[in-house]
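J.: Got a structure here, written out as structure tokens. Questions coming.
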Amino acid sequence: MKDSTPARFIFNKNLDARFLDELFDGDAAYAQIVFEDFLRDLPDYWKDVETAYEKQDLNGIRTSIHKCKTLFGYVGFSDIQQLCQEFENSCSGKAIAALESGYQMLVNRKEEARDIIESEYDRLKIFNAADS
């Protein structure tokens with residue numbers, strides 16, 4: 001007897017799969033749209049972070065990191081979301097030089113996250129094409 005239960009997309013181990021499963025409730029097509037939105041929006045959001053950082057605009061950094069924090073959350077990067085929150089908090093009352101190591105860590109994690117989401121997006125497209 002063949003199992004008629006539809007296949008569920010298994011997210012990358014680096015993502016908060018429990019949160020994503022709850023968010024998408026098995027709707028891999030919706031997940032694909034959200035991951036595509038992330039890939040489209042991240043460069044613009046991050047450009048705002050870079051611009052504020054270069055201008056040493058702490059309020060601008062805080063605001064732009066807050067937007068990125070939300071974006072990372074929607075694709076299951078709860079660890080990066082937490083790093084963004086910590087960095088956002090550290091923008092209050094610190095000199096820009098004191099933020100350098102935290103900023104570099106976020107830049108590196110952002111790049112790793114983008115690579116993972118690109119891969120997941122490609123996997124979602126294949127999964128959804130096979131499921132149609």
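All residue names refer to the structure tokens as shown: chains lettered A, B, ... in order, residues numbered from 1 in each chain, ligands numbered from 1 in order.
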Just want the 9 Å neighbourhood of region 10-27 of chain A, counted on only C-alpha atoms, with same-chain residues fewer than 6 positions away dropped. Output as a VMD selection string.
T.: chain A and resid 74 to 79 113 116 to 117 120
J.: Which residues are close to Asp37 (chain A), i.e. within 12 Å by only C-alpha atoms, leaving aside same-chain residues fewer than 4 positions away? Reply as a ChimeraX atom specification.
T.: /A:30-33,41-45,71-72,74-75,114,117-118,121
J.: For the atom pair CA of Asp131 (chain A) and CA of Leu39 (chain A), what is the interatomic distance in Å to one decimal place?
T.: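 Rounded to one decimal, the two atoms are 22.8 Å apart.
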J.: Please measure the separation of CA of Glu54 (chain A) and CA of Glu111 (chain A), giving the value in Å to one decimal.
T.: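 Between these atoms lies a distance of 18.6 Å.
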J.: My list of candidates is A:Val34, A:Asn108, A:Cys91, A:Arg40. Which is closest to Ser64 (chain A) when distances are computed with only C-alpha atoms?
T.: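 Of A:Val34, A:Asn108, A:Cys91, A:Arg40, the one nearest Ser64 (chain A), counting only C-alpha atoms, is A:Cys91.
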J.: For each of A:Ile80, A:Ala28, A:Lys67, A:Ala97, take the minimum atom-to-atom distance to Glu112 (chain A), counting only C-alpha atoms, then give the residue where this is smallest.
T.: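 Of the candidates, the smallest distance to Glu112 (chain A) is held by A:Ile80.
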J.: I need the residue nearest Met105 (chain A) from this list: A:Cys84, A:Phe9, A:Ala29, A:Cys68. Use only C-alpha atoms for the distance.
T.: A:Cys84
J.: Rank nothing, just name the residue among A:Leu99, A:Lys110, A:Lys94, A:Lys55 nearest to Phe38 (chain A), using only C-alpha atoms.
T.: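 Checking each of A:Leu99, A:Lys110, A:Lys94, A:Lys55 against Phe38 (chain A), counting only C-alpha atoms, the winner is A:Lys110.
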J.: Which residues come within 9 Å of Ser90 (chain A), counting only C-alpha atoms, excluding same-chain residues fewer than 5 positions away, as a VMD selection string?
T.: chain A and resid 62 85 98 to 99
J.: How about saving the chosen residues, C-alpha atoms kept, as a compact mmCIF listing (two decimals), in the first residue's frame?
T.:
# COMPACT_ATOMS: atom_id res chain seq x y z
CA ARG A 62 20.19 50.59 14.27
CA GLN A 85 19.25 42.27 17.98
CA ALA A 98 33.61 49.56 19.29
CA LEU A 99 31.16 48.03 16.83
J.: Excluding Thr63 (chain A) and its own-chain neighbours fewer than 2 positions away, which residues fall within 12 Å of it when counting only C-alpha atoms? Please give them as a ChimeraX atom specification.
T.: /A:45-46,48-53,57-61,65-70,84-85,87-89,91-92
J.: With N, CA and C atoms retained, could you export that selection as a JSON list (two decimals), in the first residue's frame?
T.:
[["chain", "number", "residue", "atom", "x", "y", "z"],
["A", 45, "TYR", "N", 18.46, 46.02, 1.56],
["A", 45, "TYR", "CA", 18.46, 46.23, 3.01],
["A", 45, "TYR", "C", 19.89, 46.37, 3.53],
["A", 46, "TRP", "N", 20.78, 45.50, 3.03],
["A", 46, "TRP", "CA", 22.15, 45.52, 3.53],
["A", 46, "TRP", "C", 22.90, 46.76, 3.05],
["A", 48, "ASP", "N", 21.67, 49.66, 2.91],
["A", 48, "ASP", "CA", 21.35, 50.67, 3.91],
["A", 48, "ASP", "C", 22.23, 50.53, 5.15],
["A", 49, "VAL", "N", 22.51, 49.29, 5.55],
["A", 49, "VAL", "CA", 23.40, 49.05, 6.69],
["A", 49, "VAL", "C", 24.79, 49.58, 6.37],
["A", 50, "GLU", "N", 25.31, 49.21, 5.21],
["A", 50, "GLU", "CA", 26.66, 49.64, 4.82],
["A", 50, "GLU", "C", 26.77, 51.16, 4.74],
["A", 51, "THR", "N", 25.77, 51.79, 4.15],
["A", 51, "THR", "CA", 25.79, 53.25, 4.01],
["A", 51, "THR", "C", 25.80, 53.91, 5.38],
["A", 52, "ALA", "N", 24.94, 53.45, 6.28],
["A", 52, "ALA", "CA", 24.90, 54.02, 7.63],
["A", 52, "ALA", "C", 26.21, 53.77, 8.36],
["A", 53, "TYR", "N", 26.79, 52.59, 8.18],
["A", 53, "TYR", "CA", 28.05, 52.27, 8.86],
["A", 53, "TYR", "C", 29.17, 53.17, 8.34],
["A", 57, "ASP", "N", 26.65, 56.59, 11.18],
["A", 57, "ASP", "CA", 25.31, 57.01, 11.61],
["A", 57, "ASP", "C", 24.71, 55.90, 12.47],
["A", 58, "LEU", "N", 24.89, 56.01, 13.77],
["A", 58, "LEU", "CA", 24.44, 54.96, 14.68],
["A", 58, "LEU", "C", 22.93, 54.73, 14.62],
["A", 59, "ASN", "N", 22.16, 55.80, 14.51],
["A", 59, "ASN", "CA", 20.71, 55.64, 14.41],
["A", 59, "ASN", "C", 20.34, 54.94, 13.10],
["A", 60, "GLY", "N", 21.01, 55.30, 12.02],
["A", 60, "GLY", "CA", 20.79, 54.65, 10.73],
["A", 60, "GLY", "C", 21.18, 53.18, 10.76],
["A", 61, "ILE", "N", 22.27, 52.87, 11.43],
["A", 61, "ILE", "CA", 22.70, 51.47, 11.57],
["A", 61, "ILE", "C", 21.63, 50.70, 12.33],
["A", 65, "ILE", "N", 19.64, 47.68, 10.58],
["A", 65, "ILE", "CA", 19.85, 46.34, 11.14],
["A", 65, "ILE", "C", 18.52, 45.76, 11.61],
["A", 66, "HIS", "N", 17.66, 46.61, 12.14],
["A", 66, "HIS", "CA", 16.34, 46.16, 12.58],
["A", 66, "HIS", "C", 15.56, 45.56, 11.41],
["A", 67, "LYS", "N", 15.61, 46.21, 10.25],
["A", 67, "LYS", "CA", 14.93, 45.68, 9.06],
["A", 67, "LYS", "C", 15.53, 44.35, 8.64],
["A", 68, "CYS", "N", 16.84, 44.24, 8.68],
["A", 68, "CYS", "CA", 17.50, 42.98, 8.32],
["A", 68, "CYS", "C", 17.15, 41.87, 9.29],
["A", 69, "LYS", "N", 17.05, 42.23, 10.56],
["A", 69, "LYS", "CA", 16.70, 41.25, 11.59],
["A", 69, "LYS", "C", 15.39, 40.56, 11.24],
["A", 70, "THR", "N", 14.41, 41.33, 10.85],
["A", 70, "THR", "CA", 13.11, 40.78, 10.47],
["A", 70, "THR", "C", 13.24, 39.87, 9.25],
["A", 84, "CYS", "N", 21.61, 40.20, 15.20],
["A", 84, "CYS", "CA", 21.16, 41.52, 14.78],
["A", 84, "CYS", "C", 20.60, 42.29, 15.97],
["A", 85, "GLN", "N", 19.82, 41.62, 16.80],
["A", 85, "GLN", "CA", 19.25, 42.27, 17.98],
["A", 85, "GLN", "C", 20.35, 42.75, 18.91],
["A", 87, "PHE", "N", 23.46, 43.42, 18.12],
["A", 87, "PHE", "CA", 24.19, 44.51, 17.47],
["A", 87, "PHE", "C", 23.37, 45.80, 17.52],
["A", 88, "GLU", "N", 22.08, 45.67, 17.26],
["A", 88, "GLU", "CA", 21.17, 46.82, 17.32],
["A", 88, "GLU", "C", 21.25, 47.45, 18.72],
["A", 89, "ASN", "N", 21.20, 46.63, 19.75],
["A", 89, "ASN", "CA", 21.29, 47.13, 21.13],
["A", 89, "ASN", "C", 22.63, 47.78, 21.41],
["A", 91, "CYS", "N", 24.41, 49.48, 19.49],
["A", 91, "CYS", "CA", 24.56, 50.77, 18.81],
["A", 91, "CYS", "C", 24.23, 51.94, 19.74],
["A", 92, "SER", "N", 23.60, 51.66, 20.85],
["A", 92, "SER", "CA", 23.26, 52.71, 21.80],
["A", 92, "SER", "C", 24.43, 52.99, 22.72]]
J.: Could you state the separation of CA of Lys47 (chain A) and CA of Lys125 (chain A) in Å, given to one decimal place?
T.: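 Computing the Euclidean distance for CA of Lys47 (chain A) and CA of Lys125 (chain A) yields 27.1 Å.
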